[in-house]
Amino acid sequence: MKILFIHNNYASNNSGEEHAAESLKEILESNGHQVKWFRRFSDVINNSTTKKIQAFFSGVYNPSAVKELKILLDDFEPDIVQVQNLYPFISPGIVKSIKSRGIPLVMRCPNYRLFCPTGLHLDGQGNICEKCLSGVRELNCISKNCENDVPKSVGYALRNFIARAFWGVTKNMDAYIVQSVFQRQKFIDNGIPAHKLFILPGLLPKTTLIQRPITPKYVSFIGRVSEEKGIREFLKAASLLPEIPFVVAGSVNSNVSHLKTNAPKNVLWKGFVAGKALDELYEESKIVVAPSKWYEGFPNVITTAMKFAKPVITSNLGAMADIIDHQENGILVEPGDAVALAKAIKNLFYYDEKCVFLGKNAKIKADTLYTEKKIYQNLIDLYLILLDEKARKTKSILSILHYPPPVHGAAMVGQYIMGNKRINTTFNMQYINLGTSVRVDEIGRAGWLKVKRYFMILRTSFNRLISAKPKLVYFTLTASGAGFYKDALIVLLVKLFGCKVVFHFHNKGVSKRQHRWLDHFLYKVVFKKTRVILLSEHLYSDIEKYVPKGRVYICPNGIPENINERIDKQESKERVQLLFLSNLIVSKGVYVLLKACQLLVQKNVIFHCNFIGNTGDIDVERFQEEVSSLGLQDYVTYEGPKYGLDKEKAYAKNEIFVFPTYNECFPLVLLEAMQSGLPLISTFEGGIRDIVKDGETGFLVEKENEVALADKMEILIKNPELRKKMGEAGRKHYEANFTLEAFETRFHEILEDLVQ
């Protein structure tokens with residue numbers, strides 16, 4: 001993997017951020033990755049007025065940095081870009097160059113500069129301040145003069161405002177690395193989406209094992225000597241405990257040099273300490289104190305002390321309270337309270353057993369959570385997530401399809417697709433509901449409400465085509481009639497955007513309408529250069545005039561296994577129970593089945609037929625009238641719609657499934673009945689021949705032929721062994737070909753092929 005690190009070093013060149021960036025680079029390279037720097041240095045500013053003016057403007061936008069970065073991106077071609085600090089000589093202007101190339105962009109956030117111009121959430125008086133998070137936002141940095149330097153405060157506020165408002169640094173990163181739970185929550189509170197935030201603690205600096213025995217004796221302050229780090233409180237605590245030796249190790253800024261001059265006599269000032277000398281100081285420390293008054297990102301001094309098995313006393317604030325567990329591996333005190341700090345130091349310094357206990361627990365936590373191996377793995381996991389997301393974005397699919405309500409076969413398949421984790425993880429799926437009906441009885445009927453819904457679909461499709469720029473549009477096209485005209489207009493809109501299109505047919509009827517001049521013209525336009533998914537080879541003849549076979553995929557539907565455990569079949573001792581389960585629609589063969597039942601009654605065949613389903617173009621009153629006119633009151637029952645467990649129980653209590661449809665593609669109810677171990681009787685219609693193996697898993701008859709239907713019903717009613725044999729064969733056929741997993745695999749392969 002090739003990673004580009006972007007960082008503007010601070011003036012000192014040895015801050016915690018530089019250490020963290022260098023350490024991450026080293027650990028990545030040691031694991032075989034290529035890492036390059038795009039780097040600028042702030043130490044060139046010094047006291048140069050010219051450089052300060054340059055820094056003011058380049059912090060807003062630096063065209064030379066943008067130009068140089070473009071050359072580096074073209075030359076190095078990184079897989080990932082990780083940004084740490086952009087100020088003052090790089091600027092957020094580089095973000096656009098990186099995003100335009102589609103390279104995943106990560107920002108490591110060791111502080112709070114995304115929201116606070118100073119990055120510390122401290123005002124000029126050293127108090128916690130979050131005013132820039134709301135209201136006039138960055139103007140607060142100027143009005144409060146947070147840098148105690150008006151030009152500097154203005155510059156910081158201006159560059160933060162432009163970075164946020166124009167360069168989108170709080171929106172355009174693919175991921176943000178924070179260092180603690182506290183920091184992550186702060187970012188969430190300020191609008192960064194939780195899914196973009198990843199916790200990656202800082203790496204511990206490499207330490208040297210001291211061979212000679214060292215007796216701990218100091219209470220140590222290690223790090224930058226500054227007000228926000230709590231140096232004033234540390235010195236005050238030292239003055240309250242004159243008998244205890246204190247030590248300060250760190251560079252002393254000029255603005256706090258007076259504190260050194262007036263420090264208590266029991267404080268030893270060591271200046272900047274590094275390498276082996278710093279390791280020796282940790283060993284010589286009995287307690288390490290980090291009394292910071294700001295939130296901190298991830299103070300390395302604390303975790304390093306833990307690595308050396310030293311107890312830490314720190315502020316009950318921000319990241320520090322995340323790292324230290326009070327009275328388990330250290331002590332927490334309220335920030336800015338020098339008296340409480342002194343009390344905690346005194347209580348611990350003279351309690352050797354407690355020091356050892358806390359230090360031992362601190363080392364265990366450091367060795368568990370803050371190791372190179374763990375941090376490297378977390379970082380690589382993040383990179384892989386982003387690369388997977390990049391791959392997914394290149395597989396953008398706009399799916400214009402049916403999903404419930406109302407419940408019907410195509411809608412159920414749409415629901416399976418929308419809920420499938422594998423499909424939605426692999427591809428960047430966006431969905432638009434193509435249905436204008438919300439109830440079964442609305443299907444096929446006109447109405448102003450449906451017209452309004454249709455124009456909403458058109459508008460949504462237009463907006464998504466612009467915003468999502470899909471590589472593929474997946475469309476469950478209606479094959480004929482008014483539904484086709486409605487869908488054709490949306491297809492024409494899609495084609496205007498030049499998108500690749502695939503139609504997934506759950507119905508048929510093209511061949512019946514292709515002789516009409518308008519339909520023929522529209523079919524030629526709609527099918528031009530498109531791909532088609534069919535449920536069965538037997539359905540190809542419907543579209544063969546317009547679509548070459550090489551542009552056709554075959555993908556039989558599948559259904560999920562019953563949520564509940566399979567319910568054992570319950571054979572009736574009195575009457576064999578037959579089941580019809582579908583909406584009451586003429587084309588589903590409702591009347592044909594009723595006439596077949598009448599023929600069986602006339603032959604004195606003992607049975608009972610149960611109709612389950614919602615009303616369609618046949619209402620309950622019309623259905624009951626037909627039952628009465630045929631004299632079937634004692635042989636036929638309408639039970640209304642059933643769902644979930646009630647539907648599963650219905651399959652279990654019946655012994656034969658009858659579905660004499662005559663306008664079908666691939667009915668899911670046959671799969672459900674087969675899953676439940678029922679023998680099937682249906683018609684030679686659409687893809688049903690792939691579901692029902694005639695004479696093996698059930699029988700097929702010519703559509704609208706009640707005599708043939710009654711004959712097959714009679715055979716199964718009178719032959720329990722054949723019912724059992726066909727039911728078992730059907731169950732095996734389902735398990736081999738029509739599970740949801742089988743459908744998922746086939747559908748996934750087709751989409752993969754289409755988005756290449």
# chains A, B, ... in the order shown; residues from 1 in each chain; ligands from 1
$ residues_around --residues "Glu574 (chain A)" --least-positions-apart "6" --cutoff "12 Å" --atoms "only C-alpha atoms" --output "ChimeraX atom specification"
/A:605-608,717
$ write_last_selection --atoms "N, CA, C and O atoms" --output "PDB file, in the first residue's frame"
ATOM      1  N   VAL A 605     -65.702 -36.510  -4.693  1.00  0.00           N
ATOM      2  CA  VAL A 605     -64.350 -36.513  -4.116  1.00  0.00           C
ATOM      3  C   VAL A 605     -64.394 -35.699  -2.821  1.00  0.00           C
ATOM      4  O   VAL A 605     -64.954 -34.598  -2.787  1.00  0.00           O
ATOM      5  N   ILE A 606     -63.830 -36.276  -1.771  1.00  0.00           N
ATOM      6  CA  ILE A 606     -63.854 -35.614  -0.458  1.00  0.00           C
ATOM      7  C   ILE A 606     -62.618 -34.713  -0.328  1.00  0.00           C
ATOM      8  O   ILE A 606     -61.471 -35.188  -0.366  1.00  0.00           O
ATOM      9  N   PHE A 607     -62.814 -33.431  -0.109  1.00  0.00           N
ATOM     10  CA  PHE A 607     -61.692 -32.474   0.014  1.00  0.00           C
ATOM     11  C   PHE A 607     -62.222 -31.181   0.634  1.00  0.00           C
ATOM     12  O   PHE A 607     -63.431 -30.993   0.792  1.00  0.00           O
ATOM     13  N   HIS A 608     -61.297 -30.278   0.933  1.00  0.00           N
ATOM     14  CA  HIS A 608     -61.666 -28.913   1.324  1.00  0.00           C
ATOM     15  C   HIS A 608     -60.601 -27.973   0.775  1.00  0.00           C
ATOM     16  O   HIS A 608     -59.402 -28.237   0.905  1.00  0.00           O
ATOM     17  N   ILE A 717     -55.357 -35.958  -4.252  1.00  0.00           N
ATOM     18  CA  ILE A 717     -56.266 -36.130  -3.110  1.00  0.00           C
ATOM     19  C   ILE A 717     -56.364 -37.603  -2.726  1.00  0.00           C
ATOM     20  O   ILE A 717     -56.371 -37.953  -1.535  1.00  0.00           O
TER      21      ILE A 717
END
$ residues_around --residues "region 466-482 of chain A" --least-positions-apart "3" --cutoff "7 Å" --atoms "only C-alpha atoms" --output "VMD selection string"
chain A and resid 395 to 401 462 to 463 485 to 487 499 to 505 507 to 510 513 755
$ residues_around --residues "Ser461 (chain A)" --least-positions-apart "4" --cutoff "10 Å" --atoms "only C-alpha atoms" --output "JSON list (two decimals) with all heavy atoms, in the first residue's frame"
[["chain", "number", "residue", "atom", "x", "y", "z"],
["A", 398, "LEU", "N", -28.02, 2.97, -9.15],
["A", 398, "LEU", "CA", -29.32, 3.54, -8.80],
["A", 398, "LEU", "C", -30.37, 2.49, -9.12],
["A", 398, "LEU", "O", -30.53, 2.08, -10.26],
["A", 398, "LEU", "CB", -29.59, 4.82, -9.61],
["A", 398, "LEU", "CG", -30.95, 5.48, -9.39],
["A", 398, "LEU", "CD1", -31.15, 5.86, -7.93],
["A", 398, "LEU", "CD2", -31.13, 6.69, -10.30],
["A", 399, "SER", "N", -31.09, 2.06, -8.10],
["A", 399, "SER", "CA", -32.08, 0.99, -8.26],
["A", 399, "SER", "C", -33.48, 1.59, -8.22],
["A", 399, "SER", "O", -33.92, 2.09, -7.19],
["A", 399, "SER", "CB", -31.93, -0.04, -7.13],
["A", 399, "SER", "OG", -30.63, -0.59, -7.14],
["A", 400, "ILE", "N", -34.15, 1.53, -9.36],
["A", 400, "ILE", "CA", -35.53, 2.01, -9.45],
["A", 400, "ILE", "C", -36.39, 0.76, -9.52],
["A", 400, "ILE", "O", -36.48, 0.09, -10.55],
["A", 400, "ILE", "CB", -35.72, 2.91, -10.69],
["A", 400, "ILE", "CG1", -34.67, 4.04, -10.69],
["A", 400, "ILE", "CG2", -37.12, 3.49, -10.73],
["A", 400, "ILE", "CD1", -34.70, 4.91, -11.93],
["A", 431, "TYR", "N", -31.88, 3.69, -3.70],
["A", 431, "TYR", "CA", -33.16, 3.10, -4.08],
["A", 431, "TYR", "C", -34.25, 4.15, -4.28],
["A", 431, "TYR", "O", -34.34, 5.13, -3.53],
["A", 431, "TYR", "CB", -33.61, 2.11, -2.99],
["A", 431, "TYR", "CG", -32.67, 0.95, -2.81],
["A", 431, "TYR", "CD1", -31.71, 0.96, -1.79],
["A", 431, "TYR", "CD2", -32.72, -0.15, -3.64],
["A", 431, "TYR", "CE1", -30.84, -0.10, -1.62],
["A", 431, "TYR", "CE2", -31.86, -1.22, -3.48],
["A", 431, "TYR", "CZ", -30.92, -1.19, -2.47],
["A", 431, "TYR", "OH", -30.06, -2.25, -2.31],
["A", 432, "ILE", "N", -35.05, 3.91, -5.31],
["A", 432, "ILE", "CA", -36.26, 4.70, -5.55],
["A", 432, "ILE", "C", -37.40, 3.72, -5.75],
["A", 432, "ILE", "O", -37.29, 2.78, -6.55],
["A", 432, "ILE", "CB", -36.11, 5.59, -6.80],
["A", 432, "ILE", "CG1", -34.98, 6.60, -6.62],
["A", 432, "ILE", "CG2", -37.43, 6.31, -7.10],
["A", 432, "ILE", "CD1", -34.68, 7.41, -7.87],
["A", 433, "ASN", "N", -38.49, 3.94, -5.03],
["A", 433, "ASN", "CA", -39.66, 3.06, -5.17],
["A", 433, "ASN", "C", -40.42, 3.42, -6.44],
["A", 433, "ASN", "O", -40.89, 4.54, -6.62],
["A", 433, "ASN", "CB", -40.58, 3.21, -3.95],
["A", 433, "ASN", "CG", -41.66, 2.13, -3.92],
["A", 433, "ASN", "OD1", -41.83, 1.37, -4.88],
["A", 433, "ASN", "ND2", -42.37, 2.05, -2.81],
["A", 434, "LEU", "N", -40.51, 2.45, -7.35],
["A", 434, "LEU", "CA", -41.17, 2.66, -8.63],
["A", 434, "LEU", "C", -42.69, 2.55, -8.54],
["A", 434, "LEU", "O", -43.41, 2.95, -9.45],
["A", 434, "LEU", "CB", -40.63, 1.65, -9.66],
["A", 434, "LEU", "CG", -41.05, 1.77, -11.11],
["A", 434, "LEU", "CD1", -40.73, 3.14, -11.67],
["A", 434, "LEU", "CD2", -40.38, 0.69, -11.95],
["A", 455, "PHE", "N", -45.14, 11.65, -10.58],
["A", 455, "PHE", "CA", -44.29, 12.82, -10.83],
["A", 455, "PHE", "C", -43.23, 12.99, -9.73],
["A", 455, "PHE", "O", -42.14, 13.51, -9.99],
["A", 455, "PHE", "CB", -45.14, 14.08, -10.98],
["A", 455, "PHE", "CG", -45.75, 14.21, -12.34],
["A", 455, "PHE", "CD1", -47.10, 13.96, -12.55],
["A", 455, "PHE", "CD2", -44.97, 14.55, -13.44],
["A", 455, "PHE", "CE1", -47.66, 14.06, -13.82],
["A", 455, "PHE", "CE2", -45.51, 14.65, -14.71],
["A", 455, "PHE", "CZ", -46.86, 14.40, -14.91],
["A", 456, "MET", "N", -43.54, 12.52, -8.54],
["A", 456, "MET", "CA", -42.53, 12.51, -7.48],
["A", 456, "MET", "C", -41.40, 11.54, -7.82],
["A", 456, "MET", "O", -40.22, 11.81, -7.56],
["A", 456, "MET", "CB", -43.17, 12.15, -6.14],
["A", 456, "MET", "CG", -44.05, 13.25, -5.56],
["A", 456, "MET", "SD", -44.81, 12.78, -3.97],
["A", 456, "MET", "CE", -43.35, 12.64, -2.95],
["A", 457, "ILE", "N", -41.76, 10.40, -8.41],
["A", 457, "ILE", "CA", -40.74, 9.43, -8.84],
["A", 457, "ILE", "C", -39.86, 10.04, -9.92],
["A", 457, "ILE", "O", -38.62, 9.90, -9.89],
["A", 457, "ILE", "CB", -41.41, 8.14, -9.36],
["A", 457, "ILE", "CG1", -42.15, 7.42, -8.24],
["A", 457, "ILE", "CG2", -40.38, 7.21, -9.99],
["A", 457, "ILE", "CD1", -43.06, 6.29, -8.71],
["A", 465, "LEU", "N", -29.99, 11.06, -10.41],
["A", 465, "LEU", "CA", -29.10, 10.92, -11.56],
["A", 465, "LEU", "C", -28.05, 12.02, -11.57],
["A", 465, "LEU", "O", -26.90, 11.79, -11.96],
["A", 465, "LEU", "CB", -29.91, 10.95, -12.86],
["A", 465, "LEU", "CG", -30.76, 9.70, -13.14],
["A", 465, "LEU", "CD1", -31.79, 9.99, -14.22],
["A", 465, "LEU", "CD2", -29.88, 8.53, -13.55],
["A", 466, "ILE", "N", -28.44, 13.20, -11.10],
["A", 466, "ILE", "CA", -27.48, 14.30, -11.03],
["A", 466, "ILE", "C", -26.51, 14.12, -9.86],
["A", 466, "ILE", "O", -25.29, 14.24, -10.01],
["A", 466, "ILE", "CB", -28.22, 15.65, -10.89],
["A", 466, "ILE", "CG1", -28.98, 15.97, -12.19],
["A", 466, "ILE", "CG2", -27.24, 16.78, -10.56],
["A", 466, "ILE", "CD1", -29.85, 17.20, -12.10],
["A", 467, "SER", "N", -27.06, 13.82, -8.68],
["A", 467, "SER", "CA", -26.23, 13.78, -7.47],
["A", 467, "SER", "C", -25.39, 12.50, -7.36],
["A", 467, "SER", "O", -24.22, 12.56, -6.97],
["A", 467, "SER", "CB", -27.11, 13.93, -6.22],
["A", 467, "SER", "OG", -28.03, 12.86, -6.13],
["A", 490, "ILE", "N", -39.52, 7.29, -17.62],
["A", 490, "ILE", "CA", -38.40, 7.33, -16.66],
["A", 490, "ILE", "C", -37.15, 6.75, -17.32],
["A", 490, "ILE", "O", -36.03, 7.27, -17.15],
["A", 490, "ILE", "CB", -38.75, 6.55, -15.38],
["A", 490, "ILE", "CG1", -40.02, 7.13, -14.74],
["A", 490, "ILE", "CG2", -37.60, 6.61, -14.39],
["A", 490, "ILE", "CD1", -40.52, 6.34, -13.56],
["A", 491, "VAL", "N", -37.31, 5.68, -18.10],
["A", 491, "VAL", "CA", -36.17, 5.08, -18.80],
["A", 491, "VAL", "C", -35.55, 6.08, -19.77],
["A", 491, "VAL", "O", -34.33, 6.21, -19.85],
["A", 491, "VAL", "CB", -36.60, 3.80, -19.55],
["A", 491, "VAL", "CG1", -35.45, 3.28, -20.40],
["A", 491, "VAL", "CG2", -37.06, 2.73, -18.58],
["A", 493, "LEU", "N", -35.56, 9.29, -19.50],
["A", 493, "LEU", "CA", -34.83, 10.25, -18.67],
["A", 493, "LEU", "C", -33.47, 9.69, -18.30],
["A", 493, "LEU", "O", -32.44, 10.38, -18.40],
["A", 493, "LEU", "CB", -35.65, 10.56, -17.42],
["A", 493, "LEU", "CG", -34.96, 11.44, -16.36],
["A", 493, "LEU", "CD1", -34.71, 12.84, -16.91],
["A", 493, "LEU", "CD2", -35.81, 11.52, -15.09],
["A", 494, "VAL", "N", -33.43, 8.42, -17.88],
["A", 494, "VAL", "CA", -32.17, 7.78, -17.52],
["A", 494, "VAL", "C", -31.21, 7.75, -18.71],
["A", 494, "VAL", "O", -30.02, 8.04, -18.58],
["A", 494, "VAL", "CB", -32.44, 6.34, -17.01],
["A", 494, "VAL", "CG1", -31.13, 5.57, -16.88],
["A", 494, "VAL", "CG2", -33.18, 6.37, -15.68]]
$ residues_around --residues "Cys129 (chain A)" --least-positions-apart "3" --cutoff "10 Å" --atoms "only C-alpha atoms" --output "mmCIF file with C-alpha atoms, in the first residue's frame"
data_model
loop_
_atom_site.group_PDB
_atom_site.id
_atom_site.type_symbol
_atom_site.label_atom_id
_atom_site.label_comp_id
_atom_site.auth_asym_id
_atom_site.auth_seq_id
_atom_site.Cartn_x
_atom_site.Cartn_y
_atom_site.Cartn_z
ATOM 1 C CA CYS A 116 -11.268 25.982 17.453
ATOM 2 C CA LEU A 120 -6.869 24.045 22.267
ATOM 3 C CA HIS A 121 -10.350 25.223 23.297
ATOM 4 C CA LEU A 122 -8.601 27.758 25.541
ATOM 5 C CA ASP A 123 -9.006 31.524 25.547
ATOM 6 C CA GLY A 124 -6.211 34.037 26.064
ATOM 7 C CA GLN A 125 -6.537 33.744 29.835
ATOM 8 C CA GLY A 126 -6.083 29.976 29.794
ATOM 9 C CA CYS A 132 -16.334 29.111 18.453
ATOM 10 C CA LEU A 133 -18.637 26.092 18.244
ATOM 11 C CA ASN A 140 -14.950 34.872 19.085
ATOM 12 C CA CYS A 141 -11.262 34.114 18.587
ATOM 13 C CA CYS A 146 -7.282 34.046 22.155
ATOM 14 C CA TRP A 294 -7.039 21.930 28.244
#
$ residues_around --residues "Val620 (chain A)" --least-positions-apart "5" --cutoff "9 Å" --atoms "only C-alpha atoms" --output "list in words"
Leu584, Thr615, Glu625, Tyr638 and Gly640 of chain A
$ write_last_selection --atoms "all heavy atoms" --output "PDB file, in the first residue's frame"
ATOM      1  N   LEU A 584     -56.784 -12.241  -4.551  1.00  0.00           N
ATOM      2  CA  LEU A 584     -57.955 -12.676  -5.321  1.00  0.00           C
ATOM      3  C   LEU A 584     -58.033 -11.878  -6.618  1.00  0.00           C
ATOM      4  O   LEU A 584     -58.645 -10.815  -6.700  1.00  0.00           O
ATOM      5  CB  LEU A 584     -59.229 -12.487  -4.492  1.00  0.00           C
ATOM      6  CG  LEU A 584     -59.336 -13.310  -3.201  1.00  0.00           C
ATOM      7  CD1 LEU A 584     -60.698 -13.093  -2.559  1.00  0.00           C
ATOM      8  CD2 LEU A 584     -59.103 -14.789  -3.461  1.00  0.00           C
ATOM      9  N   THR A 615     -57.801  -9.126  -1.199  1.00  0.00           N
ATOM     10  CA  THR A 615     -58.676  -8.939  -2.353  1.00  0.00           C
ATOM     11  C   THR A 615     -57.928  -8.187  -3.447  1.00  0.00           C
ATOM     12  O   THR A 615     -57.027  -7.384  -3.168  1.00  0.00           O
ATOM     13  CB  THR A 615     -59.928  -8.155  -1.961  1.00  0.00           C
ATOM     14  OG1 THR A 615     -59.534  -6.917  -1.365  1.00  0.00           O
ATOM     15  CG2 THR A 615     -60.773  -8.951  -0.981  1.00  0.00           C
ATOM     16  N   GLU A 625     -70.255 -14.979  -3.735  1.00  0.00           N
ATOM     17  CA  GLU A 625     -71.355 -15.221  -4.680  1.00  0.00           C
ATOM     18  C   GLU A 625     -71.016 -16.359  -5.633  1.00  0.00           C
ATOM     19  O   GLU A 625     -71.863 -17.213  -5.942  1.00  0.00           O
ATOM     20  CB  GLU A 625     -71.642 -13.945  -5.479  1.00  0.00           C
ATOM     21  CG  GLU A 625     -72.372 -12.861  -4.691  1.00  0.00           C
ATOM     22  CD  GLU A 625     -72.533 -11.583  -5.490  1.00  0.00           C
ATOM     23  OE1 GLU A 625     -72.031 -11.544  -6.655  1.00  0.00           O
ATOM     24  OE2 GLU A 625     -73.142 -10.617  -4.969  1.00  0.00           O
ATOM     25  N   TYR A 638     -62.889 -18.946   2.497  1.00  0.00           N
ATOM     26  CA  TYR A 638     -61.989 -17.805   2.295  1.00  0.00           C
ATOM     27  C   TYR A 638     -61.541 -17.307   3.673  1.00  0.00           C
ATOM     28  O   TYR A 638     -62.354 -16.944   4.513  1.00  0.00           O
ATOM     29  CB  TYR A 638     -62.687 -16.684   1.536  1.00  0.00           C
ATOM     30  CG  TYR A 638     -61.844 -15.413   1.475  1.00  0.00           C
ATOM     31  CD1 TYR A 638     -60.614 -15.414   0.830  1.00  0.00           C
ATOM     32  CD2 TYR A 638     -62.273 -14.236   2.090  1.00  0.00           C
ATOM     33  CE1 TYR A 638     -59.825 -14.268   0.774  1.00  0.00           C
ATOM     34  CE2 TYR A 638     -61.499 -13.082   2.046  1.00  0.00           C
ATOM     35  CZ  TYR A 638     -60.277 -13.110   1.389  1.00  0.00           C
ATOM     36  OH  TYR A 638     -59.489 -11.971   1.345  1.00  0.00           O
ATOM     37  N   GLY A 640     -59.087 -14.830   4.212  1.00  0.00           N
ATOM     38  CA  GLY A 640     -58.470 -13.503   4.260  1.00  0.00           C
ATOM     39  C   GLY A 640     -56.955 -13.584   4.140  1.00  0.00           C
ATOM     40  O   GLY A 640     -56.376 -14.658   3.974  1.00  0.00           O
TER      41      GLY A 640
END
$ closest_residue --among "A:Val525, A:Lys286, A:Gly102, A:Glu280" --to "Glu353 (chain A)" --atoms "only C-alpha atoms"
A:Lys286
$ closest_residue --among "A:Leu535, A:Ile222, A:Leu700, A:Val590" --to "Cys665 (chain A)" --atoms "only C-alpha atoms"
A:Leu535
$ select_by_dssp --residues "region 154-238 of chain A" --states "strand (DSSP E)" --output "PyMOL selection string"
chain A and resi 175-178+197-199+218-222
$ write_last_selection --atoms "all heavy atoms" --output "compact mmCIF listing (two decimals), in the first residue's frame"
# COMPACT_ATOMS: atom_id res chain seq x y z
N ALA A 175 -12.40 10.16 6.44
CA ALA A 175 -12.31 9.67 7.82
C ALA A 175 -11.51 10.67 8.64
O ALA A 175 -10.66 11.39 8.11
CB ALA A 175 -11.66 8.30 7.88
N TYR A 176 -11.81 10.70 9.94
CA TYR A 176 -11.08 11.54 10.88
C TYR A 176 -10.54 10.64 11.99
O TYR A 176 -11.31 9.89 12.60
CB TYR A 176 -12.00 12.60 11.49
CG TYR A 176 -12.58 13.57 10.48
CD1 TYR A 176 -13.73 13.25 9.77
CD2 TYR A 176 -11.98 14.80 10.25
CE1 TYR A 176 -14.27 14.13 8.85
CE2 TYR A 176 -12.52 15.70 9.32
CZ TYR A 176 -13.66 15.35 8.62
OH TYR A 176 -14.19 16.22 7.70
N ILE A 177 -9.24 10.71 12.22
CA ILE A 177 -8.62 9.94 13.30
C ILE A 177 -8.57 10.82 14.54
O ILE A 177 -7.98 11.90 14.52
CB ILE A 177 -7.20 9.47 12.92
CG1 ILE A 177 -7.26 8.48 11.77
CG2 ILE A 177 -6.51 8.85 14.13
CD1 ILE A 177 -5.89 8.06 11.26
N VAL A 178 -9.19 10.36 15.60
CA VAL A 178 -9.09 11.01 16.91
C VAL A 178 -8.40 10.05 17.86
O VAL A 178 -8.16 8.89 17.53
CB VAL A 178 -10.48 11.42 17.43
CG1 VAL A 178 -11.09 12.49 16.54
CG2 VAL A 178 -11.42 10.22 17.51
N LEU A 197 -15.52 8.70 12.15
CA LEU A 197 -14.59 8.91 13.26
C LEU A 197 -13.99 7.60 13.75
O LEU A 197 -14.72 6.65 14.06
CB LEU A 197 -15.30 9.62 14.41
CG LEU A 197 -15.63 11.10 14.13
CD1 LEU A 197 -16.66 11.61 15.12
CD2 LEU A 197 -14.36 11.95 14.20
N PHE A 198 -12.67 7.54 13.82
CA PHE A 198 -11.96 6.34 14.25
C PHE A 198 -10.96 6.71 15.34
O PHE A 198 -10.21 7.69 15.21
CB PHE A 198 -11.21 5.71 13.08
CG PHE A 198 -12.12 5.23 11.98
CD1 PHE A 198 -12.61 6.11 11.03
CD2 PHE A 198 -12.51 3.90 11.91
CE1 PHE A 198 -13.46 5.69 10.02
CE2 PHE A 198 -13.36 3.46 10.91
CZ PHE A 198 -13.83 4.35 9.96
N ILE A 199 -10.96 5.94 16.41
CA ILE A 199 -10.04 6.21 17.53
C ILE A 199 -8.73 5.47 17.30
O ILE A 199 -8.71 4.25 17.11
CB ILE A 199 -10.66 5.78 18.87
CG1 ILE A 199 -11.93 6.60 19.15
CG2 ILE A 199 -9.66 5.97 20.00
CD1 ILE A 199 -12.68 6.15 20.39
N TYR A 218 11.61 11.52 42.34
CA TYR A 218 11.05 12.79 41.90
C TYR A 218 9.54 12.72 41.65
O TYR A 218 8.99 11.68 41.30
CB TYR A 218 11.70 13.24 40.58
CG TYR A 218 13.15 13.62 40.69
CD1 TYR A 218 14.10 12.97 39.90
CD2 TYR A 218 13.56 14.64 41.53
CE1 TYR A 218 15.44 13.32 39.96
CE2 TYR A 218 14.90 14.99 41.61
CZ TYR A 218 15.83 14.34 40.82
OH TYR A 218 17.15 14.68 40.89
N VAL A 219 8.93 13.90 41.82
CA VAL A 219 7.61 14.15 41.26
C VAL A 219 7.86 14.98 40.01
O VAL A 219 8.38 16.09 40.09
CB VAL A 219 6.69 14.92 42.24
CG1 VAL A 219 5.39 15.30 41.56
CG2 VAL A 219 6.43 14.09 43.48
N SER A 220 7.55 14.43 38.84
CA SER A 220 8.04 15.00 37.58
C SER A 220 6.94 15.63 36.73
O SER A 220 5.83 15.09 36.60
CB SER A 220 8.74 13.93 36.76
OG SER A 220 9.82 13.37 37.48
N PHE A 221 7.32 16.76 36.14
CA PHE A 221 6.53 17.40 35.08
C PHE A 221 7.37 17.29 33.82
O PHE A 221 8.47 17.84 33.74
CB PHE A 221 6.27 18.87 35.43
CG PHE A 221 5.51 19.65 34.38
CD1 PHE A 221 4.17 19.95 34.57
CD2 PHE A 221 6.13 20.09 33.21
CE1 PHE A 221 3.46 20.67 33.61
CE2 PHE A 221 5.42 20.81 32.25
CZ PHE A 221 4.09 21.10 32.45
N ILE A 222 6.84 16.58 32.79
CA ILE A 222 7.62 16.33 31.57
C ILE A 222 6.82 16.81 30.37
O ILE A 222 5.66 16.42 30.19
CB ILE A 222 7.95 14.83 31.41
CG1 ILE A 222 8.73 14.33 32.64
CG2 ILE A 222 8.73 14.57 30.13
CD1 ILE A 222 8.91 12.82 32.68
$ residues_around --residues "Gly730 (chain A)" --least-positions-apart "6" --cutoff "7 Å" --atoms "only C-alpha atoms" --output "list in words"
Met674, Gly677, Pro679 and Thr697 of chain A
$ write_last_selection --atoms "N, CA and C atoms" --output "short mmCIF file (atom, residue, chain, number, x, y, z; two decimals), in the first residue's frame"
data_model
loop_
_atom_site.label_atom_id
_atom_site.label_comp_id
_atom_site.auth_asym_id
_atom_site.auth_seq_id
_atom_site.Cartn_x
_atom_site.Cartn_y
_atom_site.Cartn_z
N MET A 674 -43.36 -25.03 -1.92
CA MET A 674 -42.36 -26.08 -2.11
C MET A 674 -41.43 -26.14 -0.90
N GLY A 677 -42.84 -28.17 1.76
CA GLY A 677 -43.01 -29.59 1.50
C GLY A 677 -44.36 -29.97 0.90
N PRO A 679 -46.85 -30.74 -2.37
CA PRO A 679 -46.89 -31.00 -3.81
C PRO A 679 -47.64 -29.86 -4.49
N THR A 697 -42.29 -33.05 -8.80
CA THR A 697 -42.58 -32.23 -7.61
C THR A 697 -44.03 -31.76 -7.61
#
